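So this block is coords-v2.cif, mmCIF, C-alpha atoms (C1' of nucleotides):
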data_start
#
loop_
_atom_site.label_atom_id
_atom_site.label_comp_id
_atom_site.auth_asym_id
_atom_site.auth_seq_id
_atom_site.Cartn_x
_atom_site.Cartn_y
_atom_site.Cartn_z
CA MET A 1 10.36 -32.63 -16.36
CA SER A 2 7.80 -33.97 -18.84
CA GLU A 3 4.40 -32.93 -17.69
CA ILE A 4 2.25 -35.64 -19.16
CA ALA A 5 4.59 -38.58 -18.83
CA GLY A 6 4.80 -41.20 -16.16
CA THR A 7 2.99 -44.30 -15.15
CA PRO A 8 -0.57 -44.08 -13.83
CA ARG A 9 0.95 -44.34 -10.37
CA ASP A 10 3.11 -41.28 -11.05
CA ARG A 11 0.07 -39.49 -12.31
CA ARG A 12 -1.92 -40.23 -9.21
CA ARG A 13 0.94 -39.13 -7.08
CA ARG A 14 1.17 -35.79 -8.82
CA GLU A 15 -2.54 -35.30 -8.48
CA THR A 16 -2.48 -35.92 -4.77
CA THR A 17 0.52 -33.64 -4.32
CA ALA A 18 -1.36 -30.91 -6.16
CA GLU A 19 -4.42 -31.48 -3.98
CA ILE A 20 -2.36 -31.15 -0.84
CA LEU A 21 -0.85 -27.91 -2.06
CA GLU A 22 -4.25 -26.50 -2.95
CA ALA A 23 -5.54 -27.39 0.48
CA ALA A 24 -2.49 -25.84 2.10
CA TRP A 25 -3.18 -22.56 0.30
CA ARG A 26 -6.83 -22.70 1.27
CA LEU A 27 -6.07 -23.23 4.94
CA SER A 28 -3.33 -20.61 4.91
CA ARG A 29 -5.71 -18.03 3.52
CA ARG A 30 -8.27 -18.94 6.13
CA ASP A 31 -6.11 -19.22 9.24
CA GLY A 32 -2.81 -17.61 8.39
CA LEU A 33 0.38 -19.08 7.01
CA GLY A 34 1.84 -20.04 10.34
CA SER A 35 -1.32 -21.66 11.64
CA VAL A 36 -1.63 -24.54 9.24
CA SER A 37 -1.26 -27.88 10.97
CA LEU A 38 -0.60 -31.15 9.24
CA ARG A 39 -3.61 -32.61 11.04
CA ASP A 40 -5.95 -30.08 9.47
CA LEU A 41 -4.20 -30.32 6.16
CA GLY A 42 -4.57 -34.07 6.12
CA ARG A 43 -8.22 -33.88 7.04
CA GLU A 44 -8.77 -31.47 4.17
CA VAL A 45 -7.58 -34.03 1.65
CA GLY A 46 -8.87 -37.13 3.35
CA LEU A 47 -5.58 -38.31 4.78
CA ARG A 48 -3.99 -38.66 8.15
CA ALA A 49 -1.24 -36.23 9.00
CA SER A 50 1.35 -38.98 8.95
CA SER A 51 0.43 -39.91 5.39
CA LEU A 52 1.46 -36.48 4.17
CA TYR A 53 5.04 -37.47 4.78
CA ALA A 54 4.79 -39.70 1.74
CA TYR A 55 4.54 -36.46 -0.28
CA PHE A 56 6.61 -33.96 1.64
CA ASP A 57 9.68 -34.62 3.75
CA SER A 58 8.73 -32.01 6.30
CA LYS A 59 6.57 -29.01 6.86
CA ALA A 60 9.40 -26.80 5.68
CA ALA A 61 9.44 -28.72 2.42
CA LEU A 62 5.73 -28.03 2.07
CA TYR A 63 6.31 -24.30 2.51
CA ASP A 64 9.07 -24.46 -0.04
CA ALA A 65 6.78 -26.12 -2.57
CA MET A 66 4.19 -23.41 -1.94
CA PHE A 67 6.83 -20.72 -2.38
CA ARG A 68 7.91 -22.24 -5.65
CA GLN A 69 4.33 -22.44 -6.84
CA GLY A 70 3.75 -18.78 -6.02
CA GLN A 71 6.90 -17.75 -7.81
CA GLU A 72 5.86 -19.76 -10.83
CA GLN A 73 2.51 -18.01 -10.87
CA LEU A 74 4.27 -14.66 -10.86
CA ALA A 75 6.63 -15.84 -13.56
CA ALA A 76 3.66 -16.93 -15.67
CA LEU A 77 2.15 -13.49 -15.30
CA ALA A 78 5.43 -11.80 -16.16
CA ALA A 79 5.79 -14.01 -19.22
CA GLU A 80 2.72 -12.32 -20.71
CA TRP A 81 4.31 -8.90 -20.41
CA PRO A 82 6.60 -7.23 -22.91
CA ARG A 83 10.17 -7.58 -21.75
CA SER A 84 11.14 -4.29 -23.35
CA LEU A 85 9.08 -1.13 -23.33
CA ALA A 86 11.14 0.48 -26.07
CA ASP A 87 8.87 -0.64 -28.88
CA VAL A 88 5.42 -0.39 -27.35
CA ASP A 89 3.06 2.39 -28.34
CA ASP A 90 2.99 4.16 -25.03
CA PRO A 91 5.75 3.03 -22.67
CA ARG A 92 4.48 5.01 -19.74
CA ARG A 93 1.00 3.61 -20.10
CA THR A 94 2.35 0.09 -20.40
CA ALA A 95 4.52 0.58 -17.34
CA LYS A 96 1.45 1.63 -15.41
CA GLU A 97 -0.34 -1.51 -16.50
CA LEU A 98 2.53 -3.75 -15.48
CA ALA A 99 2.80 -2.06 -12.12
CA ALA A 100 -0.94 -2.27 -11.53
CA ARG A 101 -1.00 -5.94 -12.41
CA PHE A 102 1.86 -6.69 -10.09
CA VAL A 103 0.15 -4.92 -7.22
CA ALA A 104 -3.09 -6.70 -8.05
CA PHE A 105 -1.27 -10.02 -8.03
CA CYS A 106 0.03 -9.24 -4.56
CA THR A 107 -3.13 -7.84 -3.01
CA GLU A 108 -5.51 -10.41 -4.48
CA ASP A 109 -3.86 -13.03 -2.30
CA PRO A 110 -2.22 -11.47 0.75
CA THR A 111 -1.18 -14.87 2.01
CA ARG A 112 0.76 -15.57 -1.14
CA TYR A 113 2.33 -12.13 -0.92
CA GLN A 114 3.46 -12.79 2.63
CA LEU A 115 5.00 -16.10 1.71
CA LEU A 116 6.79 -14.71 -1.35
CA PHE A 117 7.93 -11.33 -0.12
CA GLN A 118 8.03 -11.31 3.63
CA ARG A 119 9.50 -13.54 6.27
CA VAL A 120 6.54 -14.26 8.49
CA ILE A 121 7.05 -17.94 9.27
CA PRO A 122 9.37 -18.29 12.26
CA GLY A 123 12.40 -20.31 11.39
CA TRP A 124 11.57 -20.81 7.75
CA GLU A 125 13.07 -19.32 4.65
CA PRO A 126 13.00 -20.49 1.05
CA SER A 127 15.68 -22.85 -0.16
CA PRO A 128 18.37 -21.31 -2.37
CA GLU A 129 16.95 -22.94 -5.49
CA SER A 130 13.52 -21.51 -4.79
CA TYR A 131 14.85 -18.09 -3.93
CA ALA A 132 16.66 -18.03 -7.25
CA LEU A 133 13.26 -17.80 -8.94
CA ALA A 134 12.68 -14.51 -7.14
CA VAL A 135 16.04 -13.13 -8.16
CA ALA A 136 15.23 -13.91 -11.77
CA ARG A 137 12.16 -11.65 -11.55
CA VAL A 138 14.26 -8.72 -10.42
CA ASP A 139 16.67 -9.29 -13.27
CA GLU A 140 13.78 -9.13 -15.72
CA LEU A 141 12.58 -5.92 -14.13
CA ARG A 142 16.01 -4.39 -14.53
CA VAL A 143 15.94 -5.09 -18.23
CA THR A 144 12.45 -3.70 -18.62
CA LEU A 145 13.21 -0.45 -16.82
CA ALA A 146 16.45 -0.03 -18.71
CA SER A 147 14.51 -0.26 -21.96
CA VAL A 148 12.91 3.08 -21.16
CA GLY A 149 16.06 4.73 -19.98
CA ILE A 150 15.63 4.06 -16.29
CA GLU A 151 18.95 2.56 -15.41
CA GLY A 152 20.88 1.55 -12.38
CA ASP A 153 20.32 -0.78 -9.48
CA GLU A 154 19.08 2.06 -7.33
CA ALA A 155 16.21 2.85 -9.66
CA VAL A 156 15.21 -0.80 -9.67
CA ASP A 157 15.36 -0.90 -5.89
CA LEU A 158 13.27 2.22 -5.53
CA TRP A 159 10.73 0.85 -7.96
CA THR A 160 10.31 -2.36 -6.00
CA ALA A 161 10.14 -0.42 -2.73
CA LEU A 162 7.41 1.79 -4.13
CA LEU A 163 5.28 -1.10 -5.35
CA THR A 164 5.73 -3.33 -2.34
CA GLY A 165 5.11 -0.35 -0.07
CA ILE A 166 1.82 0.33 -1.77
CA THR A 167 0.95 -3.34 -1.55
CA ASP A 168 1.88 -3.53 2.08
CA GLN A 169 -0.18 -0.57 3.14
CA GLN A 170 -3.08 -1.82 1.09
CA ILE A 171 -3.05 -5.22 2.73
CA SER A 172 -2.42 -4.02 6.26
CA ASN A 173 -4.65 -0.99 6.44
CA ASP A 174 -7.37 -1.34 3.84
CA PRO A 175 -7.78 -5.03 3.02
CA GLY A 176 -10.12 -5.59 0.13
CA GLY A 177 -10.18 -1.89 -0.73
CA ASP A 178 -8.15 0.26 -3.13
CA ARG A 179 -7.01 3.21 -1.04
CA TRP A 180 -3.38 2.55 -1.89
CA SER A 181 -3.53 0.43 -5.01
CA ARG A 182 -5.28 3.21 -6.91
CA LEU A 183 -2.18 5.35 -6.35
CA VAL A 184 -0.12 3.15 -8.65
CA PRO A 185 -0.52 5.24 -11.84
CA TRP A 186 0.36 8.36 -9.95
CA ALA A 187 3.42 6.69 -8.45
CA VAL A 188 4.57 5.57 -11.89
CA ASP A 189 4.15 9.11 -13.21
CA LEU A 190 6.23 10.42 -10.37
CA PHE A 191 8.88 7.89 -11.15
CA PHE A 192 8.92 8.52 -14.88
CA ASP A 193 8.84 12.30 -14.63
CA GLN A 194 11.83 12.23 -12.39
CA LEU A 195 14.02 9.59 -13.90
CA ARG A 196 13.35 9.78 -17.55
CA SER A 197 13.54 12.44 -20.18
CA GLU A 198 10.80 11.84 -22.64
CA PRO A 199 8.86 14.01 -25.09
CA MET B 200 -1.84 8.39 35.17
CA SER B 201 0.68 9.68 37.70
CA GLU B 202 4.00 8.12 37.01
CA ILE B 203 5.66 8.34 40.38
CA ALA B 204 2.65 7.89 42.61
CA GLY B 205 1.32 4.76 44.23
CA THR B 206 2.13 2.59 47.15
CA PRO B 207 5.34 0.60 47.18
CA ARG B 208 3.22 -2.33 46.13
CA ASP B 209 2.04 -0.45 43.04
CA ARG B 210 5.59 0.50 42.31
CA ARG B 211 6.77 -3.07 42.49
CA ARG B 212 3.96 -4.13 40.27
CA ARG B 213 4.87 -1.61 37.61
CA GLU B 214 8.48 -2.69 37.75
CA THR B 215 7.60 -6.31 37.23
CA THR B 216 5.27 -5.44 34.39
CA ALA B 217 8.06 -3.49 32.73
CA GLU B 218 10.46 -6.40 33.21
CA ILE B 219 8.02 -8.78 31.56
CA LEU B 220 7.61 -6.46 28.61
CA GLU B 221 11.35 -6.08 28.21
CA ALA B 222 11.76 -9.83 28.26
CA ALA B 223 8.96 -10.23 25.73
CA TRP B 224 10.75 -7.89 23.34
CA ARG B 225 14.02 -9.69 23.87
CA LEU B 226 12.54 -13.09 23.14
CA SER B 227 10.59 -11.75 20.17
CA ARG B 228 13.72 -10.37 18.62
CA ARG B 229 15.49 -13.64 19.19
CA ASP B 230 12.85 -16.15 18.12
CA GLY B 231 10.24 -14.16 16.23
CA LEU B 232 7.08 -12.48 17.41
CA GLY B 233 4.87 -15.50 17.02
CA SER B 234 7.24 -17.89 18.74
CA VAL B 235 7.23 -16.42 22.22
CA SER B 236 5.68 -18.78 24.74
CA LEU B 237 4.52 -17.77 28.17
CA ARG B 238 6.66 -20.55 29.61
CA ASP B 239 9.82 -19.08 28.14
CA LEU B 240 8.73 -15.60 29.00
CA GLY B 241 8.14 -16.57 32.60
CA ARG B 242 11.50 -18.29 32.84
CA GLU B 243 13.14 -15.14 31.54
CA VAL B 244 11.82 -13.11 34.48
CA GLY B 245 11.95 -15.80 37.12
CA LEU B 246 8.27 -16.61 37.19
CA ARG B 247 6.04 -19.49 36.21
CA ALA B 248 3.89 -19.02 33.16
CA SER B 249 0.77 -19.02 35.26
CA SER B 250 2.03 -16.11 37.35
CA LEU B 251 2.16 -13.90 34.30
CA TYR B 252 -1.62 -13.86 34.35
CA ALA B 253 -1.40 -11.61 37.39
CA TYR B 254 0.01 -8.98 35.03
CA PHE B 255 -1.66 -9.69 31.70
CA ASP B 256 -5.10 -11.13 31.12
CA SER B 257 -3.99 -13.10 28.11
CA LYS B 258 -1.27 -13.39 25.56
CA ALA B 259 -3.21 -11.06 23.29
CA ALA B 260 -3.17 -8.45 26.05
CA LEU B 261 0.59 -8.82 26.23
CA TYR B 262 0.91 -8.17 22.51
CA ASP B 263 -1.32 -5.18 22.90
CA ALA B 264 0.88 -3.75 25.63
CA MET B 265 3.91 -4.25 23.41
CA PHE B 266 2.15 -2.55 20.53
CA ARG B 267 1.28 0.40 22.75
CA GLN B 268 4.84 0.62 23.96
CA GLY B 269 6.18 0.65 20.42
CA GLN B 270 3.72 3.34 19.40
CA GLU B 271 4.75 5.42 22.38
CA GLN B 272 8.37 5.12 21.38
CA LEU B 273 7.51 6.38 17.93
CA ALA B 274 5.42 9.17 19.42
CA ALA B 275 8.35 10.17 21.62
CA LEU B 276 10.56 10.36 18.56
CA ALA B 277 7.97 12.36 16.65
CA ALA B 278 7.61 14.75 19.56
CA GLU B 279 11.20 15.88 18.98
CA TRP B 280 10.45 16.82 15.41
CA PRO B 281 9.08 20.13 14.17
CA ARG B 282 5.38 19.77 13.52
CA SER B 283 5.49 22.34 10.75
CA LEU B 284 8.20 22.66 8.14
CA ALA B 285 7.03 26.12 7.09
CA ASP B 286 9.43 27.96 9.35
CA VAL B 287 12.54 25.81 9.27
CA ASP B 288 15.61 26.90 7.35
CA ASP B 289 15.53 24.21 4.73
CA PRO B 290 12.23 22.33 4.61
CA ARG B 291 13.42 19.76 2.13
CA ARG B 292 16.48 18.98 4.15
CA THR B 293 14.44 18.67 7.30
CA ALA B 294 11.95 16.42 5.56
CA LYS B 295 14.81 14.18 4.53
CA GLU B 296 15.97 14.00 8.11
CA LEU B 297 12.54 13.12 9.42
CA ALA B 298 12.12 10.44 6.78
CA ALA B 299 15.54 8.99 7.46
CA ARG B 300 14.90 8.87 11.19
CA PHE B 301 11.59 7.14 10.68
CA VAL B 302 13.17 4.50 8.47
CA ALA B 303 15.98 4.09 10.98
CA PHE B 304 13.45 3.66 13.76
CA CYS B 305 11.81 0.88 11.76
CA THR B 306 14.90 -0.95 10.54
CA GLU B 307 16.81 -0.79 13.83
CA ASP B 308 14.22 -3.12 15.34
CA PRO B 309 12.51 -5.22 12.66
CA THR B 310 10.47 -7.04 15.25
CA ARG B 311 8.98 -3.81 16.51
CA TYR B 312 8.30 -2.77 12.93
CA GLN B 313 6.46 -6.01 12.26
CA LEU B 314 4.32 -5.62 15.34
CA LEU B 315 3.48 -2.00 14.63
CA PHE B 316 3.00 -2.02 10.90
CA GLN B 317 2.26 -5.51 9.75
CA ARG B 318 -0.13 -8.22 10.73
CA VAL B 319 2.12 -11.18 11.28
CA ILE B 320 0.60 -12.74 14.40
CA PRO B 321 -2.21 -15.10 13.41
CA GLY B 322 -5.46 -14.06 14.97
CA TRP B 323 -4.16 -10.96 16.69
CA GLU B 324 -4.69 -7.32 15.93
CA PRO B 325 -4.30 -4.25 18.12
CA SER B 326 -7.24 -3.12 20.20
CA PRO B 327 -9.05 -0.03 18.93
CA GLU B 328 -7.55 2.15 21.68
CA SER B 329 -4.06 1.07 20.78
CA TYR B 330 -4.63 1.44 17.07
CA ALA B 331 -5.79 4.99 17.71
CA LEU B 332 -2.19 5.84 18.63
CA ALA B 333 -1.15 4.86 15.13
CA VAL B 334 -3.86 6.97 13.55
CA ALA B 335 -2.65 9.97 15.54
CA ARG B 336 0.78 9.61 13.92
CA VAL B 337 -0.73 9.79 10.47
CA ASP B 338 -2.68 12.90 11.43
CA GLU B 339 0.53 14.55 12.54
CA LEU B 340 2.16 13.61 9.29
CA ARG B 341 -0.71 15.15 7.35
CA VAL B 342 -0.16 18.45 9.13
CA THR B 343 3.57 18.35 8.56
CA LEU B 344 3.30 17.65 4.85
CA ALA B 345 0.60 20.27 4.45
CA SER B 346 2.95 22.84 5.97
CA VAL B 347 5.13 22.56 2.87
CA GLY B 348 2.29 22.59 0.42
CA ILE B 349 1.94 18.86 0.03
CA GLU B 350 -1.74 18.40 0.60
CA GLY B 351 -4.33 15.70 0.33
CA ASP B 352 -4.83 12.26 1.78
CA GLU B 353 -3.36 10.67 -1.30
CA ALA B 354 -0.05 12.41 -0.85
CA VAL B 355 0.09 11.28 2.75
CA ASP B 356 -0.72 7.73 1.71
CA LEU B 357 1.93 7.70 -0.98
CA TRP B 358 4.48 9.07 1.46
CA THR B 359 3.82 6.31 3.97
CA ALA B 360 3.85 3.69 1.22
CA LEU B 361 7.22 4.95 0.01
CA LEU B 362 8.82 4.89 3.45
CA THR B 363 7.37 1.58 4.58
CA GLY B 364 8.24 0.07 1.22
CA ILE B 365 11.84 1.10 1.64
CA THR B 366 11.79 -0.25 5.18
CA ASP B 367 10.26 -3.51 4.11
CA GLN B 368 12.74 -4.21 1.37
CA GLN B 369 15.57 -3.26 3.65
CA ILE B 370 14.47 -5.66 6.35
CA SER B 371 13.54 -8.55 4.10
CA ASN B 372 16.35 -8.45 1.57
CA ASP B 373 19.31 -6.71 3.13
CA PRO B 374 18.98 -6.96 6.91
CA GLY B 375 21.59 -4.90 8.70
CA GLY B 376 22.66 -3.17 5.49
CA ASP B 377 21.60 0.08 3.82
CA ARG B 378 20.85 -0.90 0.24
CA TRP B 379 17.35 0.58 0.50
CA SER B 380 17.53 2.96 3.43
CA ARG B 381 20.17 5.04 1.67
CA LEU B 382 17.59 5.75 -1.04
CA VAL B 383 15.51 7.85 1.36
CA PRO B 384 16.92 11.29 0.41
CA TRP B 385 16.44 10.50 -3.24
CA ALA B 386 12.88 9.36 -2.61
CA VAL B 387 12.12 12.58 -0.76
CA ASP B 388 13.53 14.61 -3.61
CA LEU B 389 11.36 12.74 -6.02
CA PHE B 390 8.38 13.45 -3.87
CA PHE B 391 9.13 17.13 -3.39
CA ASP B 392 10.04 17.84 -6.98
CA GLN B 393 6.80 16.41 -8.12
CA LEU B 394 4.33 17.62 -5.57
CA ARG B 395 5.60 20.96 -4.50
CA SER B 396 6.45 24.17 -6.24
CA GLU B 397 9.40 25.71 -4.49
CA PRO B 398 12.09 28.16 -5.45
"C1'" DG C 399 0.69 -45.41 0.48
"C1'" DT C 400 -2.10 -45.36 4.17
"C1'" DC C 401 -3.19 -46.59 8.45
"C1'" DT C 402 -2.92 -46.83 13.88
"C1'" DA C 403 -0.28 -46.02 17.59
"C1'" DT C 404 2.94 -43.61 19.78
"C1'" DA C 405 6.91 -40.56 20.99
"C1'" DT C 406 8.05 -36.20 22.40
"C1'" DC C 407 7.16 -31.94 23.24
"C1'" DC C 408 4.64 -27.76 23.41
"C1'" DA C 409 0.84 -24.36 23.86
"C1'" DG C 410 -2.58 -21.13 26.66
"C1'" DA C 411 -5.28 -21.08 30.48
"C1'" DT C 412 -7.48 -22.18 35.14
"C1'" DA C 413 -8.09 -24.05 40.15
"C1'" DG C 414 -6.85 -23.82 44.47
"C1'" DA C 415 -3.24 -24.05 48.24
"C1'" DC C 416 -0.21 -21.00 50.56
"C1'" DG D 417 1.17 -12.81 43.83
"C1'" DT D 418 3.21 -16.99 43.23
"C1'" DC D 419 3.19 -21.56 43.28
"C1'" DT D 420 1.96 -26.65 41.85
"C1'" DA D 421 -0.97 -29.37 39.46
"C1'" DT D 422 -3.83 -29.97 35.88
"C1'" DC D 423 -6.99 -29.35 31.90
"C1'" DT D 424 -7.46 -29.45 27.13
"C1'" DG D 425 -5.72 -29.33 23.15
"C1'" DG D 426 -2.16 -28.84 19.88
"C1'" DA D 427 2.16 -29.67 17.23
"C1'" DT D 428 5.78 -32.50 14.06
"C1'" DA D 429 7.50 -36.68 13.33
"C1'" DT D 430 8.46 -41.86 13.36
"C1'" DA D 431 7.58 -47.13 13.72
"C1'" DG D 432 5.57 -50.79 12.01
"C1'" DA D 433 1.31 -53.43 10.46
"C1'" DC D 434 -1.36 -54.06 6.36
#
How does this structure look as structure tokens?
Amino acid sequence: MSEIAGTPRDRRRRETTAEILEAAWRLSRRDGLGSVSLRDLGREVGLRASSLYAYFDSKAALYDAMFRQGQEQLAALAAEWPRSLADVDDPRRTAKELAARFVAFCTEDPTRYQLLFQRVIPGWEPSPESYALAVARVDELRVTLASVGIEGDEAVDLWTALLTGITDQQISNDPGGDRWSRLVPWAVDLFFDQLRSEP
Amino acid sequence: MSEIAGTPRDRRRRETTAEILEAAWRLSRRDGLGSVSLRDLGREVGLRASSLYAYFDSKAALYDAMFRQGQEQLAALAAEWPRSLADVDDPRRTAKELAARFVAFCTEDPTRYQLLFQRVIPGWEPSPESYALAVARVDELRVTLASVGIEGDEAVDLWTALLTGITDQQISNDPGGDRWSRLVPWAVDLFFDQLRSEP
DNA sequence: GTCTATATCCAGATAGAC
DNA sequence: GTCTATCTGGATATAGAC
């Protein structure tokens, strides 16, 4: 729990674990999530594949740690946002910013997006504890949308569908571009005009 | 080109090819697209893996044939639809039906959806000729939307994002259910109300 | 904790006999 | 067209020495 504590040995261990995770992300971005081998991963950090088992029980455990890390990055981003839009100057404008940042978070690292939001690794899915982090994000979103009068599970679901749909198209059909991501403000307008009565 | 022509030998060859493709779909649905091995695939049709090379040049060619088949299935579905909504009784209602059928097409076979609309197989993408089939679908959609006054590439892009987003959430977070797919009529309303001036 | 060595199993692809 | 045999290379994981 404490982030600075521990013996020097603990410290070293955490450092190596972090290095392995970084390398795993690097290789995943280069070759695809499913194509990372423990041999390559070991080589990347100066270890033999078998030595990685001192840090992760299995490859599935490695994926789970990556998933958790990605969720924590999203949580860190979300922590910077206002939870309620009721008391901001321009709720609609702020909503557009939040939406744009979420889509940017997803498209700036398609590999991370795939791990967090799609099931592309055969036979793997996040552990219940890790998946709970994702559920917490949706709960936050519900509160935020409700603060501007957009209520109900269905509205939340449509919102997520809209943003992940834009992300998905962007990644699959115009990687690196903005053909879909630039539609975000428009999509938010559409959503607000329809679901909210405002001045 | 001719579908019935050919010597008996040709006929047999086409039959076997079709059997292999069927088996490939079956195994993909069972184990995931990326997990199909030529060994298993051969066993499924009573052949050795090496014999499959008499029908497909490589595994990538097999994926390409599957992709083409999926696109043709979608094209066959689209061929039943009215190209223009200008002269149907209730354009909005018809649009809802088309959208619902598209989402149903995608969710009823998530594996096919992944192959057609996502890039989940490391190192593989459809050949240009096969991808052209997908582009043709979008062109059709452009015409259809234009027929009800919804014009512009951006509207087409947002439409596809909306429907694939709904599909994606449905597949990833509520497989077999309808938590997202039931939102289709609502999404179409949202779209029409905003982008179209109608009586 | 890291190594070597190994177990076990799998992949895609090709050569050449029949 | 199909087979056997094989190539070449890969995977995850474990045992046991140091």
Please write the residues picked by the PyMOL selection byres ((chain A) within 9 of (chain C)) on this file as a PDB file with C-alpha atoms, in the coordinates of the input.
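For reference, out21.pdb as written:
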ATOM      1  CA  LEU A  47      -5.580 -38.310   4.780  1.00  0.00           C
ATOM      2  CA  ARG A  48      -3.990 -38.660   8.150  1.00  0.00           C
ATOM      3  CA  SER A  50       1.350 -38.980   8.950  1.00  0.00           C
ATOM      4  CA  SER A  51       0.430 -39.910   5.390  1.00  0.00           C
ATOM      5  CA  ALA A  54       4.790 -39.700   1.740  1.00  0.00           C
TER       6      ALA A  54
END
Practice problem: Spell out the residues picked by the PyMOL selection byres ((chain D) within 12 of (chain A)) here, as a PyMOL selection string. | Solution: chain D and resi 426-431
Quiz prompt | Selection under test: the PyMOL selection byres ((chain A) within 6 of (chain B)); residues as JSON, numbers by chain | solution = {"A": [32, 122, 161, 162, 164, 165, 166]}
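CA of Phe304 in chain B lies 22.5 Å from CA of Asp289 in chain B.
Our summary of the geometry notes that CA of Arg211 in chain B is positioned 27.0 Å from CA of Arg229 in chain B.
Here CA of Arg13 in chain A and CA of Val45 in chain A stand 13.2 Å from one another.
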Output, as AutoDock Vina command-line options, the centre and edge lengths in Å (one decimal) of the axis-aligned box that contains all listed atoms of range 283-294 of chain B with 6 Å of margin on each side.
--center_x 11.0 --center_y 22.2 --center_z 6.4 --size_x 23.0 --size_y 23.5 --size_z 20.6
Quiz prompt | Radius query 12 Å about (-0.9, -1.6, 22.4), atoms used: only C-alpha atoms (C1' of nucleotides), as a PyMOL selection string | solution = chain B and resi 220+259-272+311+314-315+323-333
Mind completing range 103-114 of chain A with N, CA and C atoms? Output as a PDB file, in the frame of the given file, please?
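New file rebuild_35.pdb:
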ATOM      1  N   VAL A 103       0.784  -5.227  -8.503  1.00  0.00           N
ATOM      2  CA  VAL A 103       0.150  -4.920  -7.220  1.00  0.00           C
ATOM      3  C   VAL A 103      -1.134  -5.726  -7.044  1.00  0.00           C
ATOM      4  N   ALA A 104      -1.870  -5.898  -8.129  1.00  0.00           N
ATOM      5  CA  ALA A 104      -3.090  -6.700  -8.050  1.00  0.00           C
ATOM      6  C   ALA A 104      -2.755  -8.153  -7.709  1.00  0.00           C
ATOM      7  N   PHE A 105      -1.713  -8.663  -8.334  1.00  0.00           N
ATOM      8  CA  PHE A 105      -1.270 -10.020  -8.030  1.00  0.00           C
ATOM      9  C   PHE A 105      -0.972 -10.187  -6.550  1.00  0.00           C
ATOM     10  N   CYS A 106      -0.344  -9.172  -5.980  1.00  0.00           N
ATOM     11  CA  CYS A 106       0.030  -9.240  -4.560  1.00  0.00           C
ATOM     12  C   CYS A 106      -1.184  -9.095  -3.648  1.00  0.00           C
ATOM     13  N   THR A 107      -2.030  -8.121  -3.939  1.00  0.00           N
ATOM     14  CA  THR A 107      -3.130  -7.840  -3.010  1.00  0.00           C
ATOM     15  C   THR A 107      -4.271  -8.845  -3.154  1.00  0.00           C
ATOM     16  N   GLU A 108      -4.397  -9.475  -4.304  1.00  0.00           N
ATOM     17  CA  GLU A 108      -5.510 -10.410  -4.480  1.00  0.00           C
ATOM     18  C   GLU A 108      -5.320 -11.658  -3.632  1.00  0.00           C
ATOM     19  N   ASP A 109      -4.127 -11.890  -3.184  1.00  0.00           N
ATOM     20  CA  ASP A 109      -3.860 -13.030  -2.300  1.00  0.00           C
ATOM     21  C   ASP A 109      -2.780 -12.647  -1.295  1.00  0.00           C
ATOM     22  N   PRO A 110      -3.183 -11.962  -0.238  1.00  0.00           N
ATOM     23  CA  PRO A 110      -2.220 -11.470   0.750  1.00  0.00           C
ATOM     24  C   PRO A 110      -1.359 -12.584   1.340  1.00  0.00           C
ATOM     25  N   THR A 111      -1.940 -13.749   1.468  1.00  0.00           N
ATOM     26  CA  THR A 111      -1.180 -14.870   2.010  1.00  0.00           C
ATOM     27  C   THR A 111      -0.015 -15.232   1.100  1.00  0.00           C
ATOM     28  N   ARG A 112      -0.304 -15.276  -0.183  1.00  0.00           N
ATOM     29  CA  ARG A 112       0.760 -15.570  -1.140  1.00  0.00           C
ATOM     30  C   ARG A 112       1.829 -14.485  -1.100  1.00  0.00           C
ATOM     31  N   TYR A 113       1.377 -13.238  -1.014  1.00  0.00           N
ATOM     32  CA  TYR A 113       2.330 -12.130  -0.920  1.00  0.00           C
ATOM     33  C   TYR A 113       3.249 -12.287   0.295  1.00  0.00           C
ATOM     34  N   GLN A 114       2.649 -12.625   1.424  1.00  0.00           N
ATOM     35  CA  GLN A 114       3.460 -12.790   2.630  1.00  0.00           C
ATOM     36  C   GLN A 114       4.485 -13.892   2.475  1.00  0.00           C
TER      37      GLN A 114
END
